[in-house]
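Asks: Following this line is data-v2.cif, made up of mmCIF, C-alpha atoms:
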data_query
#
loop_
_atom_site.label_atom_id
_atom_site.label_comp_id
_atom_site.auth_asym_id
_atom_site.auth_seq_id
_atom_site.Cartn_x
_atom_site.Cartn_y
_atom_site.Cartn_z
CA MET A 262 10.27 96.63 27.40
CA THR A 263 13.75 97.69 26.43
CA LYS A 264 15.07 100.71 28.31
CA THR A 265 17.77 102.98 26.99
CA VAL A 266 20.99 103.85 28.77
CA HIS A 267 23.52 106.36 27.54
CA VAL A 268 27.03 105.84 28.88
CA ILE A 269 28.68 109.26 28.57
CA ASN A 270 32.46 109.40 28.79
CA GLY A 271 34.48 112.54 29.27
CA PRO A 272 37.93 113.80 28.31
CA ASN A 273 40.86 111.47 27.69
CA LEU A 274 38.77 108.32 27.98
CA ASN A 275 39.37 107.82 24.24
CA LEU A 276 42.95 107.06 25.33
CA LEU A 277 41.84 104.20 27.57
CA GLY A 278 44.23 101.27 27.24
CA ILE A 279 47.03 103.63 26.18
CA ARG A 280 47.18 106.25 28.91
CA GLU A 281 48.50 105.15 32.35
CA PRO A 282 47.42 101.49 32.05
CA ASP A 283 48.47 100.87 35.67
CA VAL A 284 45.71 103.27 36.77
CA TYR A 285 43.05 102.63 34.14
CA GLY A 286 43.76 99.12 32.81
CA HIS A 287 44.66 97.78 29.37
CA GLU A 288 41.21 97.72 27.84
CA THR A 289 40.05 100.29 25.33
CA LEU A 290 36.72 102.08 25.60
CA ASN A 291 35.63 100.07 22.58
CA ASP A 292 36.33 96.78 24.40
CA ILE A 293 34.25 97.98 27.33
CA GLU A 294 31.43 99.12 25.05
CA ASN A 295 31.28 95.72 23.34
CA ARG A 296 31.00 93.90 26.65
CA CYS A 297 28.40 96.35 27.93
CA ARG A 298 26.23 95.84 24.86
CA VAL A 299 26.16 92.10 25.58
CA VAL A 300 25.44 92.58 29.29
CA GLY A 301 22.83 95.23 28.42
CA SER A 302 20.96 93.04 25.97
CA ASN A 303 20.88 90.27 28.61
CA CYS A 304 19.10 92.57 31.06
CA GLY A 305 16.80 94.44 28.70
CA LEU A 306 18.90 97.55 28.16
CA ASP A 307 19.79 99.27 24.94
CA VAL A 308 23.26 100.64 25.75
CA LYS A 309 24.82 103.48 23.79
CA PHE A 310 28.38 104.67 24.44
CA LEU A 311 29.39 108.28 23.86
CA GLN A 312 32.76 109.94 24.39
CA SER A 313 33.92 113.49 23.99
CA ASN A 314 36.81 115.65 25.09
CA TYR A 315 34.55 118.72 24.88
CA GLU A 316 32.52 119.90 27.84
CA GLY A 317 29.84 121.52 25.64
CA GLN A 318 29.33 118.29 23.70
CA ILE A 319 28.78 116.39 26.95
CA ILE A 320 26.22 118.98 28.04
CA ASP A 321 24.42 118.69 24.68
CA TRP A 322 24.24 114.92 25.08
CA ILE A 323 22.80 115.23 28.60
CA GLN A 324 20.19 117.73 27.37
CA GLU A 325 19.29 115.48 24.42
CA ALA A 326 18.77 112.61 26.86
CA ILE A 327 16.04 114.50 28.73
CA SER A 328 12.73 112.67 28.36
CA CYS A 329 14.01 110.12 25.83
CA VAL A 330 16.77 108.21 27.67
CA ASP A 331 15.91 106.22 30.80
CA ALA A 332 19.29 106.36 32.49
CA ILE A 333 22.68 108.02 32.15
CA VAL A 334 25.89 106.42 33.35
CA ILE A 335 28.40 109.25 33.33
CA ASN A 336 32.15 109.08 33.68
CA ALA A 337 32.85 112.80 33.33
CA ALA A 338 36.56 112.12 33.96
CA ALA A 339 38.43 115.35 34.78
CA TYR A 340 35.30 117.48 34.23
CA THR A 341 33.86 115.73 37.30
CA HIS A 342 36.02 118.00 39.43
CA THR A 343 35.58 121.25 37.49
CA SER A 344 32.29 121.46 35.64
CA VAL A 345 29.41 123.32 37.24
CA ALA A 346 27.84 123.29 33.75
CA ILE A 347 27.70 119.48 33.70
CA HIS A 348 26.27 119.58 37.24
CA ASP A 349 23.50 121.93 36.03
CA ALA A 350 22.74 119.83 32.95
CA LEU A 351 22.46 116.67 35.06
CA ARG A 352 20.21 118.50 37.52
CA SER A 353 17.73 119.14 34.72
CA TYR A 354 17.76 115.49 33.64
CA ASN A 355 14.94 113.51 35.24
CA GLY A 356 16.12 109.94 34.55
CA TYR A 357 18.37 107.77 36.67
CA ILE A 358 21.99 108.93 36.98
CA VAL A 359 25.01 106.83 37.94
CA GLU A 360 28.36 108.54 38.41
CA LEU A 361 31.08 106.10 37.42
CA HIS A 362 34.86 106.20 37.72
CA ILE A 363 37.36 103.50 36.80
CA SER A 364 39.71 104.47 39.64
CA ASN A 365 38.60 105.90 42.97
CA PRO A 366 39.17 109.68 42.71
CA HIS A 367 39.17 109.98 46.50
CA LEU A 368 42.35 107.93 46.66
CA ARG A 369 44.15 110.19 44.20
CA GLU A 370 45.34 113.80 44.20
CA SER A 371 43.42 116.24 46.39
CA PHE A 372 42.24 118.19 43.34
CA ARG A 373 40.14 115.13 42.46
CA HIS A 374 38.40 114.98 45.83
CA THR A 375 35.49 117.24 44.94
CA SER A 376 32.89 115.99 42.50
CA TYR A 377 30.27 118.29 40.99
CA VAL A 378 28.51 115.19 39.70
CA SER A 379 28.02 113.39 43.04
CA PRO A 380 25.33 115.68 44.52
CA VAL A 381 23.13 115.26 41.43
CA ALA A 382 23.79 111.56 40.88
CA ASP A 383 21.55 108.83 42.26
CA ALA A 384 24.41 106.42 42.74
CA ILE A 385 28.20 106.40 42.60
CA VAL A 386 30.42 103.51 41.57
CA ALA A 387 34.17 104.09 41.64
CA GLY A 388 37.42 102.21 41.84
CA LEU A 389 36.19 98.85 40.55
CA GLY A 390 38.26 99.11 37.38
CA THR A 391 36.77 98.86 33.90
CA ILE A 392 34.49 96.03 35.08
CA GLY A 393 32.47 98.74 36.90
CA TYR A 394 30.77 99.68 33.62
CA GLU A 395 29.26 96.25 33.06
CA LEU A 396 28.60 95.45 36.73
CA VAL A 397 26.45 98.54 37.11
CA LEU A 398 24.13 97.74 34.18
CA PRO A 399 22.04 94.99 35.85
CA ILE A 400 21.50 97.39 38.76
CA VAL A 401 20.38 100.15 36.39
CA SER A 402 17.96 97.67 34.84
CA GLU A 403 16.52 96.69 38.24
CA VAL A 404 16.21 100.31 39.33
CA LEU A 405 14.39 101.30 36.13
CA GLU A 406 12.00 98.41 36.63
CA THR A 407 11.30 99.44 40.24
CA ARG A 408 10.82 103.07 39.18
CA GLY A 409 8.42 102.03 36.42
CA GLN A 410 6.33 100.07 38.91
CA LEU A 411 6.28 102.99 41.35
CA GLN A 412 5.23 105.41 38.61
CA GLN A 413 2.43 103.08 37.56
CA SER A 414 1.13 102.84 41.11
CA ASP A 415 1.35 106.66 41.42
CA GLU A 416 -0.74 107.00 38.28
CA LEU A 417 -3.29 104.61 39.73
CA ASP A 418 -3.36 106.71 42.90
CA GLY A 419 -3.96 109.80 40.79
CA ASP A 420 -6.94 108.19 39.11
CA GLY A 421 -8.46 107.51 42.48
CA LEU A 422 -8.37 103.79 41.80
CA ASN A 423 -6.46 102.94 44.93
CA MET B 29 40.08 76.06 49.22
CA ASN B 30 37.35 78.63 48.79
CA GLN B 31 38.25 82.28 48.84
CA THR B 32 36.53 84.28 51.51
CA VAL B 33 35.02 87.73 51.90
CA LEU B 34 34.47 89.68 55.09
CA ILE B 35 31.57 92.17 55.17
CA LEU B 36 31.61 94.64 58.06
CA ASN B 37 28.72 96.89 59.03
CA GLY B 38 29.38 99.72 61.44
CA PRO B 39 27.43 101.43 64.20
CA GLY B 40 23.69 101.80 63.73
CA LEU B 41 23.34 99.40 60.82
CA GLY B 42 21.64 96.76 62.98
CA ASP B 43 18.42 98.66 62.36
CA LEU B 44 17.82 99.43 58.68
CA SER B 45 14.21 100.54 59.13
CA GLY B 46 15.32 104.16 58.65
CA TYR B 47 16.08 103.29 55.03
CA ASP B 48 12.63 101.90 54.37
CA SER B 49 11.14 103.52 51.33
CA ASN B 50 9.42 102.53 48.15
CA PHE B 51 12.70 102.80 46.35
CA PHE B 52 15.01 100.82 48.61
CA GLY B 53 12.28 98.40 49.63
CA LYS B 54 11.96 96.99 53.12
CA MET B 55 15.37 96.00 54.38
CA THR B 56 16.61 94.19 57.42
CA LEU B 57 20.21 93.34 58.21
CA GLU B 58 19.25 89.66 58.35
CA GLY B 59 17.66 89.87 54.91
CA LEU B 60 20.69 91.69 53.53
CA SER B 61 23.00 89.10 55.05
CA ALA B 62 20.94 86.30 53.48
CA GLU B 63 21.09 87.91 50.02
CA CYS B 64 24.84 88.35 50.27
CA GLN B 65 25.18 84.74 51.41
CA ALA B 66 23.09 83.48 48.48
CA LEU B 67 25.26 85.36 45.95
CA CYS B 68 28.47 84.16 47.61
CA ASP B 69 27.17 80.58 47.52
CA ASP B 70 26.50 80.94 43.79
CA LEU B 71 30.01 82.28 43.25
CA GLY B 72 31.61 79.70 45.53
CA ILE B 73 32.95 82.30 47.95
CA GLY B 74 32.95 81.96 51.72
CA LEU B 75 31.27 84.85 53.56
CA ASP B 76 31.47 86.25 57.05
CA PHE B 77 28.85 89.02 57.48
CA ARG B 78 29.13 91.09 60.67
CA GLN B 79 27.69 94.17 62.34
CA THR B 80 28.68 95.98 65.49
CA ASP B 81 27.73 99.16 67.33
CA ASN B 82 31.06 99.07 69.14
CA ARG B 83 33.72 101.15 67.42
CA ASP B 84 36.61 99.29 69.06
CA GLU B 85 35.23 95.99 67.86
CA MET B 86 34.80 97.43 64.35
CA PHE B 87 38.38 98.62 64.38
CA HIS B 88 39.62 95.22 65.60
CA TRP B 89 37.75 93.51 62.76
CA ILE B 90 39.27 95.84 60.17
CA ALA B 91 42.79 95.82 61.57
CA GLU B 92 43.10 92.20 62.72
CA ASP B 93 40.38 89.86 61.49
CA SER B 94 40.52 91.08 57.91
CA GLU B 95 43.92 89.38 57.52
CA GLU B 96 42.21 86.00 57.28
CA PHE B 97 40.04 87.02 54.32
CA ASP B 98 40.71 87.51 50.59
CA GLY B 99 38.49 90.57 50.19
CA VAL B 100 36.81 93.07 52.50
CA ILE B 101 33.62 95.13 52.15
CA ILE B 102 33.00 97.87 54.70
CA ASN B 103 29.97 100.00 55.37
CA PRO B 104 31.50 102.31 57.97
CA ALA B 105 28.14 103.95 58.69
CA GLY B 106 29.88 107.24 58.17
CA HIS B 107 27.32 109.34 59.93
CA SER B 108 28.10 107.87 63.26
CA PRO B 109 30.18 110.30 65.35
CA ALA B 110 31.97 107.29 66.80
CA MET B 111 33.47 106.43 63.43
CA ILE B 112 34.48 110.04 62.76
CA GLU B 113 36.34 110.21 66.05
CA MET B 114 38.49 107.27 65.10
CA ALA B 115 38.81 108.15 61.44
CA GLU B 116 42.61 108.23 61.53
CA SER B 117 43.01 104.74 62.96
CA TYR B 118 40.36 103.53 60.59
CA ARG B 119 42.21 104.96 57.60
CA SER B 120 45.48 103.49 58.70
CA ALA B 121 43.92 100.03 59.06
CA ILE B 122 42.32 100.33 55.62
CA LYS B 123 45.64 101.38 54.15
CA THR B 124 47.27 98.26 55.55
CA ILE B 125 44.68 96.06 53.84
CA ALA B 126 45.06 97.93 50.55
CA THR B 127 48.86 97.76 50.73
CA HIS B 128 48.56 93.98 50.81
CA LYS B 129 46.76 94.24 47.45
CA LYS B 130 43.61 92.84 48.96
CA PRO B 131 40.44 94.07 47.26
CA ILE B 132 38.52 96.34 49.59
CA ILE B 133 35.34 98.28 48.85
CA GLU B 134 33.52 100.94 50.88
CA VAL B 135 29.74 100.70 50.53
CA HIS B 136 27.01 103.09 51.63
CA ILE B 137 23.29 102.38 51.20
CA THR B 138 22.42 105.95 50.16
CA ASN B 139 24.29 108.60 48.17
CA ILE B 140 26.17 110.26 51.02
CA TYR B 141 26.72 113.40 48.93
CA ARG B 142 23.01 114.09 48.92
CA HIS B 143 22.98 114.46 52.69
CA SER B 144 23.82 117.56 54.68
CA GLU B 145 27.17 119.36 54.75
CA GLU B 146 28.16 117.46 57.87
CA ALA B 147 27.92 114.18 55.99
CA THR B 148 31.00 112.07 56.28
CA GLN B 149 33.41 112.13 53.40
CA PRO B 150 34.85 108.85 52.18
CA LEU B 151 38.45 107.94 52.77
CA HIS B 152 41.09 110.21 51.35
CA GLU B 153 44.02 107.87 51.59
CA PRO B 154 46.35 108.25 48.64
CA ALA B 155 47.49 104.64 48.61
CA GLY B 156 46.21 101.27 47.60
CA ASP B 157 43.21 100.23 45.67
CA MET B 158 39.80 100.76 47.21
CA GLY B 159 36.42 100.72 45.54
CA PHE B 160 33.53 102.99 46.47
CA ILE B 161 29.82 102.35 45.94
CA CYS B 162 26.92 104.38 47.25
CA GLY B 163 23.28 105.09 46.54
CA VAL B 164 22.03 101.74 45.26
CA GLY B 165 20.70 100.34 48.52
CA LYS B 166 21.31 96.68 49.23
CA ARG B 167 22.30 96.20 45.60
CA GLY B 168 25.55 97.99 46.49
CA TYR B 169 26.61 95.02 48.62
CA LEU B 170 25.88 92.57 45.81
CA LEU B 171 27.75 94.76 43.33
CA ALA B 172 30.71 94.87 45.71
CA ILE B 173 30.72 91.08 46.04
CA ARG B 174 30.72 90.69 42.26
CA ALA B 175 33.52 93.24 41.89
CA ILE B 176 35.64 91.41 44.47
CA ALA B 177 34.92 88.07 42.80
CA HIS B 178 36.15 89.60 39.55
CA LYS B 179 39.35 90.83 41.20
CA LEU B 180 39.86 87.39 42.75
CA LYS B 181 39.38 85.95 39.24
CA ILE B 182 36.32 83.94 40.21
CA PRO B 183 34.23 83.38 37.05
CA ALA B 184 30.80 85.00 37.14
CA THR B 185 28.12 82.33 37.18
CA VAL B 186 25.02 84.49 37.55
#
Taking this structure as input, can you express it in the form of C-alpha cells?
Replies:
Amino acid sequence: MTKTVHVINGPNLNLLGIREPDVYGHETLNDIENRCRVVGSNCGLDVKFLQSNYEGQIIDWIQEAISCVDAIVINAAAYTHTSVAIHDALRSYNGYIVELHISNPHLRESFRHTSYVSPVADAIVAGLGTIGYELVLPIVSEVLETRGQLQQSDELDGDGLN
Amino acid sequence: MNQTVLILNGPGLGDLSGYDSNFFGKMTLEGLSAECQALCDDLGIGLDFRQTDNRDEMFHWIAEDSEEFDGVIINPAGHSPAMIEMAESYRSAIKTIATHKKPIIEVHITNIYRHSEEATQPLHEPAGDMGFICGVGKRGYLLAIRAIAHKLKIPATV
C-alpha cells in the first residue's frame, strides 16, 4: 500500500540553487522534488513537497499531517535553531520524523549548533548535500513497513490471539 | 582501480545486543559488516570494516590508515568516556581528512539527541565537509555508503 510522506522545507529553501551554491549546491528545490517523486514511486511512497518562509505555515502543515500522513521529512532550515513552536508541533505528530539538512549545521556557525527538531525527530540526516533527500526515502519506506508489521502484531496481541 | 571505503566502529560496538529491539531488529557487528560488504560489492567499492575497543588504535586508524581510502565512515561510539577524553585529537584528525576533500560521514545507530544530557555531541569543527546520520539503525551505514558513492561519482546500481 502506498504511504504518504510530506517533505516540509523551511525559510530560504525556495532560493536553493541561487543562494550560496557552494554551501547548498546548484539544484533548485523543484529539481530535488522531481527526483524524489521518482524515487518515492519506486519504493511505494507518495511524496509531497512543501516550502514556506513562514513559521506558522510550517506548524499548520505539521498539524494537518497528524493522523493522515505516514512520515514527515523536515528541513526546517533556520527555524531548526530557533523554533520551540515547531518542536511542539512535531512532538504532537505521531508518524515517523526525519530531520534533514543539506549541509551539516554542526560544522557551521555556533548559532546553528542547537536544534529544536533533533530531540523530537526519529532520525537525522545532514551534510550529504541535496542527494540526502532522495537517499532517505527508501529508508523511510522500510521503516514504515517495519512499523506497520509491529502495529499489526500489537493488534493481534491485544485480541489475545498470540 | 576500485575506490575504497573505510568504516570504523569505536569502543563498545563489538557487542550490538544492547540495540536489540523490535524496531532495529537483531543486530550483530558481523551481520552489519556483511550487509555493508554486500552493498559495496553491488556498487563496485572496496570495503574495510573495522572495530576496536582501543582508543589509541581508533585514533591511529582515523589519523593514519584513512589516508589510503577514498571515503571514511565513523561511528565514534560517542558515549564511551574514552572517546570523549580524546575528543580534541579526534577532531583534529577528522579535520585533516575533510581538508583533503575526502567524503567523511559520522554515523550513530540511535538518535543521540534522544539520550540524556550527558550524551555526546557530534563534532563542532567549522571546516571541511562531513555528513551526519543518526537514528536509523544499521540502515544508517548503508545510507552513508550510498552517499559516499554519490560523492565519488559511482553510479547507483541498486
Asks: List as number ranges by chain the residues having at least one atom at most 12 Å from position (30.1, 116.0, 41.2) as given in the file, counting all atoms listed in the file.
Replies: A: 335-352, 358-362, 366, 373-385; B: 139, 141-142
Asks: Run through the PyMOL selection byres ((chain B and resi 71-83) around 10) on the given coordinates and return the selected residues as a PyMOL selection string.
Replies: chain B and resi 29-42+57-58+60-62+64-70+84-89+97-105+108+110-111+113-114+118+173-174+177+182-186
Asks: Applying the PyMOL selection byres ((chain A and resi 319) around 10) to the file I just gave you, which residues come out? Please list them as an mmCIF file with C-alpha atoms, in the coordinates of the input.
Replies:
data_model
loop_
_atom_site.group_PDB
_atom_site.id
_atom_site.type_symbol
_atom_site.label_atom_id
_atom_site.label_comp_id
_atom_site.auth_asym_id
_atom_site.auth_seq_id
_atom_site.Cartn_x
_atom_site.Cartn_y
_atom_site.Cartn_z
ATOM 1 C CA ILE A 269 28.680 109.260 28.570
ATOM 2 C CA ASN A 270 32.460 109.400 28.790
ATOM 3 C CA GLY A 271 34.480 112.540 29.270
ATOM 4 C CA PRO A 272 37.930 113.800 28.310
ATOM 5 C CA LEU A 311 29.390 108.280 23.860
ATOM 6 C CA GLN A 312 32.760 109.940 24.390
ATOM 7 C CA SER A 313 33.920 113.490 23.990
ATOM 8 C CA ASN A 314 36.810 115.650 25.090
ATOM 9 C CA TYR A 315 34.550 118.720 24.880
ATOM 10 C CA GLU A 316 32.520 119.900 27.840
ATOM 11 C CA GLY A 317 29.840 121.520 25.640
ATOM 12 C CA GLN A 318 29.330 118.290 23.700
ATOM 13 C CA ILE A 320 26.220 118.980 28.040
ATOM 14 C CA ASP A 321 24.420 118.690 24.680
ATOM 15 C CA TRP A 322 24.240 114.920 25.080
ATOM 16 C CA ILE A 323 22.800 115.230 28.600
ATOM 17 C CA GLN A 324 20.190 117.730 27.370
ATOM 18 C CA GLU A 325 19.290 115.480 24.420
ATOM 19 C CA ILE A 335 28.400 109.250 33.330
ATOM 20 C CA ALA A 337 32.850 112.800 33.330
ATOM 21 C CA TYR A 340 35.300 117.480 34.230
ATOM 22 C CA ALA A 346 27.840 123.290 33.750
ATOM 23 C CA ILE A 347 27.700 119.480 33.700
ATOM 24 C CA ALA A 350 22.740 119.830 32.950
#
Asks: Can you tell me how far CA of Cys297 (chain A) sits from CA of Gln410 (chain A), in Å to one decimal?
Replies: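 Taking CA of Cys297 (chain A) as the start and CA of Gln410 (chain A) as the end point, the length is 24.9 Å.
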Asks: Quick one: distance from CA of Tyr354 (chain A) to CA of Val334 (chain A) in Å, one decimal?
Replies: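 Straight-line distance from CA of Tyr354 (chain A) to CA of Val334 (chain A) works out to 12.2 Å.
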Asks: I would like the residues chosen by the PyMOL selection byres ((chain A and resi 281-295) around 10) on the shown file; could you give them as a PyMOL selection string?
Replies: (chain A and resi 268+270+274-280+296-301+308-312+362-365+388+390-395) or (chain B and resi 157)
Asks: Between CA of Ile133 (chain B) and CA of Met158 (chain B), what is the spacing in Å?
Replies: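 Going from CA of Met158 (chain B) over to CA of Ile133 (chain B), I get 5.4 Å.
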Asks: Using all atoms listed in the file, which of B:Gly59, B:Gly168, B:Gly159, B:Gly46 sits nearest chain A?
Replies: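 For chain A, the nearest of the candidates is B:Gly159.
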Asks: Hey, which of B:Leu171, B:Ile140, B:Ile90, B:Val164 ends up closest to Arg119 (chain B)? Count all atoms listed in the file.
Replies: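 Checking each of B:Leu171, B:Ile140, B:Ile90, B:Val164 against Arg119 (chain B), counting all atoms listed in the file, the winner is B:Ile90.
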Asks: Can you find the residues with an atom no farther than 10 Å from (41.7, 100.8, 57.1), counting all atoms listed in the file, and report them as a list in words?
Replies: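 All residues meeting the 10 Å criterion around (41.7, 100.8, 57.1) are Phe87, Ile90, Ala91, Ser94, Ile102, Ala115, Glu116, Ser117, Tyr118, Arg119, Ser120, Ala121, Ile122, Lys123, Thr124, Ile125, Ala126, Ile132, Leu151 and Glu153 of chain B.
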Asks: Using only C-alpha atoms, can you tell me which of B:Met55, B:His128, B:Ile137, B:Glu63 comes closest to chain A?
Replies: B:Ile137
